[in-house]
Amino acid sequence: MSENIRVRFAPSPTGKVHIGNIRAAIYNWLFARHTGGRFLLRVEDTDLERSTPEAIAVLFDCMKWLGLDWDEEVFYQTKNVKRHLEVVDQLLASGHAYKVEKTSRDGKTGVVTMFRMPKEGVIEFDDIVKGHMAKKAEDIQDFAIVRSDGSPIFHIANVVDDIDQRVTHIIRGDDHVENTFKHICIFRALGAPVPKYGHLSMIVNQQGKPYSKRDGAAFVGEYREQGYLPEALFNYLLLLGWNPGDDREVLTREEMVKLFELEKVHVTAAMFDPKKLAWMNGEYIKKIPAADFVSEVKARVSSLVSPVPAHDDSWWQYLASQLQPRVKFLNDIPAMVKCFVSDDFEFDPKAVEKRLRKPGVKALLLDLVERFSKVADWSAPALESVVKELSQGGGMGPWVHPIRVAVSGRGEGIGLFEMLQLLGRDTTLARLRSAAENLASE
RNA sequence: GGCCCCAUCGUCUAUCGGCUAGGACACGAGCUUUUCAUGCUUGGUAGAGGAGUUCGACUCUCCUUGGGGCUGCCA
């Protein structure tokens with residue numbers, strides 16, 4: 001039973017993969033993995049202009065990035081054109097299709113092949129997500145299936161390919177519901193079994209309109225570039241219209257596969273919330289194994305400075321452990337690590353103004369140089385006790401803030417004393433002196 | 001215009017007739033007495049409107065309103 005289930009993801013490659021589209025892929029994939037069925041990939045590449053090898057490569061790339069592996073060979077729609085036209089001849093012969101001269105919107109006149117819709121009765125199907133759907137046949141017009149230039153149109157190509165790929169469940173976007181009534185008629189005219197359908201609502205923007213590139217990142221590649229983790233995007237997109245039935249939100253891939261049910265997918269459109277995605281990304285960053293996160297940090301550093309300064313493993317591990325809970329996006333890392341791997345970091349003017357250009361800061365910094373240079377054991381706790389002593393039980397802020405800006409150029413970052421420990425004695429003292437001479441007020 | 005679909009906090013959602021309507025994100029407050037972040041505690045905000053069915057309706061039915069989709073020689 002279940003091993004006979006076959007679903008497909010059938011995008012037309014355009015060089016970019018829309019998040020709404022990839023969500024359909026995710027649902028198809030999960031449905032197949034949950035039921036033990038097959039997940040097929042069909043490339044609807046009939047638009048020769050846009051379906052370039054590069055565009056197809058982008059598609060494969062996005063799917064691999066998200067861990068959407070497909071079964072069997074990729075099916076290219078253009079390779080099945082002959083079959084599409086054979087089936088059209090079959091429909092012509094059986095009276096289900098006819099040729100007619102038509103004038104298109106742009107004024108071209110030619111002979112197209114039309115599919116003949118039944119003139120009476122009700123076409124109905126039980127949509128797995130939307131429930132029972134019905135429409136009077138008389139409300140649907142005959143529609144074109146072959147262009148005047150002889151090329152097959154989406155409706156016929158799509159149905160024939162689904163028959164040839166023995167697709168049992170069609171899970172696709174909401175925008176295809178109206179087509180479904182038409183397609184069911186084609187399946188019937190061909191004497192082919194009608195697959196089951198599940199139509200997914202769309203992802204909308206804050207105005208409730210379909211989410212487009214004007215609303216922010218609309219394509220998978222953009223999320224990748226911005227430092228999102230594929231697991232986070234996958235998880236977030238899954239939650240946009242489905243939930244496991246309890247309060248769990250961050251799920252492992254195994255849990256998703258185990259719990260996913262198409263019947264539980266929502267009918268209503270879901271608004272895309274970048275804030276929640278960001279939160280989820282942070283959750284996944286925290287889950288990265290420490291060793292992997294260290295590698296990630298090193299990789300980011302190596303694209304920042306060359307050569308990468310030499311430090312032992314424990315130094316890198318310590319830095320990474322300080323960074324990991326603070327990072328929401330992998331792309332946050334470079335700005336946060338710059339001051340640890342290079343003396344050529346920027347000073348934030350606002351932070352300098354607020355923390356260094358205050359009377360007495362120069363003396364304060366020079367005093368700290370004096371005291372820090374006497375610290376025997378250069379460690380975070382030892383350094384902290386120096387400042388604690390200075391503050392005499394009051395807040396450490398007046399010392400902490402200038403030090404932070406003097407050594408890192410920024411007003412925020414990892415814990416100050418951890419920062420100084422990582423920087424080491426020489427660098428810390430040099431930067432404090434330099435800031436005292438060049439930036440601080442008397 | 002015609003046809004189809006939808007409607008719980010700002011957002012994603014739980015609830016399959018018994019609800020003091022729960023959780024998460026976001027937001028506010030507090031604590032962790034160095035920033036930022038994490039973590040913990042805590043606060044506010046929801047069932048579009050109107051009929052009906054019922055002992056009882058957010059849950060079922062109908063109407064209204066609002067939103068979306070489709071209405072191509074695009075997919």
# chains A, B, ... in the order shown; residues from 1 in each chain; ligands from 1
call {"tool": "interface_residues", "arguments": {"of": "chain B", "to": "chain A", "cutoff": "12 Å", "atoms": "only C-alpha atoms (C1' of nucleotides)", "output": "PyMOL selection string"}}
result
chain B and resi 2-7+10-16+22-26+33-39+67-75
call {"tool": "select_by_dssp", "arguments": {"residues": "range 4-97 of chain A", "states": "helix (DSSP H, G or I)", "output": "PyMOL selection string"}}
result
chain A and resi 4+19-35+53-65+77-94
call {"tool": "residues_around", "arguments": {"residues": "Val194 in chain A", "least_positions_apart": "6", "cutoff": "12 Å", "atoms": "only C-alpha atoms (C1' of nucleotides)", "output": "CSV table (one decimal) with N, CA and C atoms, in the first residue's frame"}}
result
chain,number,residue,atom,x,y,z
A,124,GLU,N,-16.4,16.8,-8.8
A,124,GLU,CA,-16.0,16.9,-7.4
A,124,GLU,C,-14.9,16.1,-7.0
A,125,PHE,N,-14.2,16.5,-5.9
A,125,PHE,CA,-13.1,15.7,-5.4
A,125,PHE,C,-12.9,16.0,-3.9
A,126,ASP,N,-12.3,15.1,-3.2
A,126,ASP,CA,-12.1,15.4,-1.8
A,126,ASP,C,-10.6,15.8,-1.6
A,159,VAL,N,-0.8,16.7,-16.8
A,159,VAL,CA,-1.6,15.5,-16.5
A,159,VAL,C,-0.9,14.3,-17.1
A,160,VAL,N,-0.4,14.4,-18.3
A,160,VAL,CA,0.2,13.3,-19.0
A,160,VAL,C,1.5,12.9,-18.2
A,162,ASP,N,2.0,13.3,-15.0
A,162,ASP,CA,1.5,12.7,-13.8
A,162,ASP,C,1.1,11.2,-14.0
A,163,ILE,N,0.5,11.0,-15.1
A,163,ILE,CA,0.1,9.6,-15.5
A,163,ILE,C,1.4,8.8,-15.7
A,166,ARG,N,3.2,7.9,-12.7
A,166,ARG,CA,2.3,7.2,-11.8
A,166,ARG,C,2.2,7.9,-10.5
A,167,VAL,N,1.9,9.2,-10.5
A,167,VAL,CA,1.7,10.0,-9.3
A,167,VAL,C,0.4,9.7,-8.7
A,168,THR,N,0.4,9.4,-7.4
A,168,THR,CA,-0.8,9.1,-6.7
A,168,THR,C,-1.4,10.3,-5.9
A,169,HIS,N,-0.6,11.2,-5.5
A,169,HIS,CA,-1.0,12.3,-4.7
A,169,HIS,C,-0.4,13.6,-5.2
A,170,ILE,N,-1.2,14.5,-5.6
A,170,ILE,CA,-0.7,15.8,-6.1
A,170,ILE,C,-0.9,16.8,-5.0
A,180,THR,N,-7.6,22.0,-11.1
A,180,THR,CA,-7.9,20.6,-10.7
A,180,THR,C,-9.2,20.1,-11.3
A,181,PHE,N,-10.2,20.9,-11.3
A,181,PHE,CA,-11.5,20.5,-12.0
A,181,PHE,C,-11.2,20.1,-13.4
A,182,LYS,N,-10.4,20.9,-14.1
A,182,LYS,CA,-10.1,20.7,-15.5
A,182,LYS,C,-9.3,19.4,-15.6
A,183,HIS,N,-8.3,19.3,-14.8
A,183,HIS,CA,-7.4,18.1,-14.9
A,183,HIS,C,-8.1,16.8,-14.6
A,184,ILE,N,-9.0,16.8,-13.7
A,184,ILE,CA,-9.8,15.6,-13.4
A,184,ILE,C,-10.5,15.2,-14.6
A,185,CYS,N,-11.1,16.1,-15.4
A,185,CYS,CA,-11.8,15.8,-16.6
A,185,CYS,C,-10.8,15.1,-17.6
A,186,ILE,N,-9.6,15.6,-17.7
A,186,ILE,CA,-8.6,15.0,-18.6
A,186,ILE,C,-8.3,13.6,-18.2
A,187,PHE,N,-8.0,13.4,-16.9
A,187,PHE,CA,-7.8,12.0,-16.4
A,187,PHE,C,-8.9,11.1,-16.8
A,188,ARG,N,-10.1,11.6,-16.6
A,188,ARG,CA,-11.3,10.7,-16.9
A,188,ARG,C,-11.4,10.5,-18.4
call {"tool": "atom_distance", "arguments": {"atom1": "CA of Glu418 in chain A", "atom2": "CA of Ala380 in chain A"}}
result
5.2 Å
call {"tool": "select_by_dssp", "arguments": {"residues": "range 139-323 of chain A", "states": "strand (DSSP E)", "output": "list in words"}}
result
Phe143, Ala144, Ile145, Val146, His169, Ile170, Ile171, Arg172, Gly173, Lys196, Tyr197, Gly198, His199, Leu200, Ile203, Val204, Ala270 and Met271 of chain A
call {"tool": "closest_residue", "arguments": {"among": "A:Leu422, A:Val74, A:Val369, A:Leu259", "to": "Gln317 in chain A", "atoms": "only C-alpha atoms"}}
result
A:Leu422
call {"tool": "residues_around", "arguments": {"residues": "Val7 in chain A", "least_positions_apart": "3", "cutoff": "12 Å", "atoms": "only C-alpha atoms (C1' of nucleotides)", "output": "MDAnalysis selection string"}}
result
chainID A and resid 2:4 10 24:42 70:72 161:163 165:172 195:198
call {"tool": "write_last_selection", "arguments": {"atoms": "N, CA and C atoms", "output": "tab-separated table (two decimals), in the first residue's frame"}}
result
chain	number	residue	atom	x	y	z
A	2	SER	N	1.49	1.52	1.16
A	2	SER	CA	2.18	2.79	1.28
A	2	SER	C	3.34	2.93	0.29
A	3	GLU	N	3.97	1.80	-0.04
A	3	GLU	CA	5.12	1.94	-0.94
A	3	GLU	C	4.67	2.29	-2.37
A	4	ASN	N	3.36	2.27	-2.58
A	4	ASN	CA	2.88	2.67	-3.90
A	4	ASN	C	2.61	4.17	-3.99
A	10	ALA	N	7.08	19.65	-8.87
A	10	ALA	CA	7.21	19.94	-10.30
A	10	ALA	C	7.39	21.44	-10.57
A	24	ALA	N	5.98	23.80	-0.69
A	24	ALA	CA	5.25	22.70	-1.33
A	24	ALA	C	6.16	21.49	-1.45
A	25	ALA	N	7.42	21.75	-1.78
A	25	ALA	CA	8.38	20.64	-1.89
A	25	ALA	C	8.56	19.97	-0.53
A	26	ILE	N	8.65	20.78	0.51
A	26	ILE	CA	8.83	20.25	1.87
A	26	ILE	C	7.64	19.36	2.24
A	27	TYR	N	6.43	19.83	1.97
A	27	TYR	CA	5.25	19.04	2.31
A	27	TYR	C	5.19	17.74	1.51
A	28	ASN	N	5.55	17.83	0.25
A	28	ASN	CA	5.58	16.61	-0.57
A	28	ASN	C	6.61	15.62	-0.02
A	29	TRP	N	7.78	16.17	0.27
A	29	TRP	CA	8.87	15.32	0.76
A	29	TRP	C	8.49	14.63	2.06
A	30	LEU	N	7.93	15.42	2.98
A	30	LEU	CA	7.53	14.90	4.29
A	30	LEU	C	6.43	13.84	4.14
A	31	PHE	N	5.50	14.13	3.23
A	31	PHE	CA	4.40	13.18	3.01
A	31	PHE	C	4.95	11.85	2.51
A	32	ALA	N	5.88	11.94	1.58
A	32	ALA	CA	6.48	10.72	1.03
A	32	ALA	C	7.27	9.97	2.10
A	33	ARG	N	8.09	10.70	2.84
A	33	ARG	CA	8.92	10.03	3.84
A	33	ARG	C	8.06	9.46	4.97
A	34	HIS	N	6.99	10.15	5.30
A	34	HIS	CA	6.10	9.67	6.37
A	34	HIS	C	5.37	8.40	5.95
A	35	THR	N	4.94	8.38	4.72
A	35	THR	CA	4.14	7.24	4.27
A	35	THR	C	4.99	6.12	3.68
A	36	GLY	N	6.27	6.38	3.54
A	36	GLY	CA	7.12	5.37	2.92
A	36	GLY	C	6.96	5.34	1.41
A	37	GLY	N	6.46	6.43	0.86
A	37	GLY	CA	6.28	6.51	-0.59
A	37	GLY	C	7.49	7.09	-1.30
A	38	ARG	N	7.31	7.45	-2.55
A	38	ARG	CA	8.40	8.00	-3.35
A	38	ARG	C	8.19	9.48	-3.58
A	39	PHE	N	9.29	10.21	-3.50
A	39	PHE	CA	9.25	11.65	-3.77
A	39	PHE	C	9.98	11.89	-5.08
A	40	LEU	N	9.23	12.32	-6.08
A	40	LEU	CA	9.81	12.48	-7.42
A	40	LEU	C	10.04	13.95	-7.74
A	41	LEU	N	11.02	14.19	-8.57
A	41	LEU	CA	11.29	15.55	-9.00
A	41	LEU	C	11.06	15.65	-10.50
A	42	ARG	N	10.18	16.57	-10.87
A	42	ARG	CA	9.92	16.79	-12.28
A	42	ARG	C	10.25	18.24	-12.61
A	70	TRP	N	15.50	13.43	-3.59
A	70	TRP	CA	14.41	12.84	-4.36
A	70	TRP	C	14.75	11.43	-4.78
A	71	ASP	N	13.70	10.67	-5.08
A	71	ASP	CA	13.86	9.28	-5.50
A	71	ASP	C	13.78	9.22	-7.02
A	72	GLU	N	14.41	8.24	-7.57
A	72	GLU	CA	14.37	8.00	-9.02
A	72	GLU	C	15.01	9.15	-9.80
A	161	ASP	N	2.22	13.84	-17.72
A	161	ASP	CA	3.41	13.52	-16.92
A	161	ASP	C	3.03	12.84	-15.61
A	162	ASP	N	1.96	13.31	-15.01
A	162	ASP	CA	1.54	12.68	-13.76
A	162	ASP	C	1.10	11.24	-14.00
A	163	ILE	N	0.48	11.01	-15.14
A	163	ILE	CA	0.10	9.62	-15.48
A	163	ILE	C	1.36	8.79	-15.70
A	165	GLN	N	4.37	9.29	-14.65
A	165	GLN	CA	5.17	9.10	-13.43
A	165	GLN	C	4.40	8.35	-12.36
A	166	ARG	N	3.18	7.95	-12.72
A	166	ARG	CA	2.32	7.18	-11.80
A	166	ARG	C	2.16	7.89	-10.45
A	167	VAL	N	1.92	9.19	-10.55
A	167	VAL	CA	1.75	10.00	-9.34
A	167	VAL	C	0.40	9.70	-8.71
A	168	THR	N	0.41	9.44	-7.40
A	168	THR	CA	-0.84	9.08	-6.72
A	168	THR	C	-1.44	10.25	-5.95
A	169	HIS	N	-0.57	11.16	-5.47
A	169	HIS	CA	-1.04	12.30	-4.68
A	169	HIS	C	-0.41	13.57	-5.22
A	170	ILE	N	-1.24	14.52	-5.56
A	170	ILE	CA	-0.72	15.79	-6.06
A	170	ILE	C	-0.86	16.84	-4.97
A	171	ILE	N	0.29	17.25	-4.44
A	171	ILE	CA	0.31	18.24	-3.37
A	171	ILE	C	0.94	19.49	-3.96
A	172	ARG	N	0.17	20.53	-4.10
A	172	ARG	CA	0.65	21.72	-4.77
A	172	ARG	C	-0.05	22.96	-4.24
A	195	PRO	N	-5.70	11.03	-9.45
A	195	PRO	CA	-4.93	11.04	-8.20
A	195	PRO	C	-5.67	11.78	-7.09
A	196	LYS	N	-5.17	11.63	-5.88
A	196	LYS	CA	-5.72	12.41	-4.77
A	196	LYS	C	-5.03	13.78	-4.77
A	197	TYR	N	-5.75	14.77	-4.28
A	197	TYR	CA	-5.20	16.12	-4.30
A	197	TYR	C	-5.11	16.71	-2.89
A	198	GLY	N	-4.10	17.55	-2.72
A	198	GLY	CA	-3.99	18.33	-1.49
A	198	GLY	C	-3.49	19.70	-1.88
call {"tool": "atom_distance", "arguments": {"atom1": "CA of Asn438 in chain A", "atom2": "CA of Leu304 in chain A"}}
result
25.6 Å
